[in-house]
Structure formats: structure tokens, C-alpha cells
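Comments concern the structure below.
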Amino acid sequence: MNLTQRCQLIFQAGYQVGQNSFRSLAAEMNLCKSSVHRLYHRLVNRNRFPESCLWETEAGQKWLRYLVFASIFVFALQGGIGCEKLSQFFGLLQSLIFGGLGLIYL
């Protein structure tokens, strides 16, 4: 199971404080407690925006991937726009936090 799949499992489990514990979630998913704790806090830090819940689903990740590839292809490769403008564009979409994109990676 890769990192994306583990994050999706934790998101789908919907950890709620006081109702279930990291230990019980870890036992359900066959992961260690520290891994579930780390992934949960990763999700919390990523989900700062209202549209962030879309990114945690498989369909949302697929759509975000298409958006990034299409934007790079149209703007950078065909249009000749540089990395700084692409980074600014993705920053306005607030997708940099989820995708881990930065000026260096573009």
C-alpha cells in the first residue's frame, strides 16, 4: 500500500477526537499507531481550505493531476510561460500545499 492509499484510508475512516483512537484505527488498517498519527496530522495540515476534501478522494487526485499536467503543457510548453508564473498560478488555486509543488519542481 503506497502513501496515497494510506492517506485515503485515514481520510475515509474520518478520525474524530473522542470517538475513536489512533490505536483502533491502526489496528483496523493494519498499520502502526505512529504511522496513523503522522498521516492524520499530515491530512490536517493539508486541509486548510474548503476545497481540500476533494483532493483526498481518488477522483479529486485524478482531476488535480490532469489540471497540473494540462497547465504545464499549455502554459509552459506551448505558451512559453516560465516557472515563476506557473507557480503563481498554482498558488492562486491553493493547490501547492496538497501537491507539494514549488518553483523548484516546475
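Please note that chains go A, B, ... in the order of the C-alpha cells, that every chain numbers its residues from 1, and that ligands are numbered from 1 in the order shown.
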### Query
Which polymer residues have any atom within 8 Å of an atom of region 37-40 of chain A, counting only C-alpha atoms, with same-chain residues fewer than 3 positions away left out, as a PyMOL selection string?
chain A and resi 6-7+10-11+15+22+33-34+43-44
## Note on the structure
For Leu93 (chain A), the closest of A:Glu56, A:Gly79, A:Val36, A:Glu51 counting only C-alpha atoms is A:Glu51
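As for CA of Phe89 (chain A) and CA of Tyr66 (chain A), they are spaced 15.0 Å apart.
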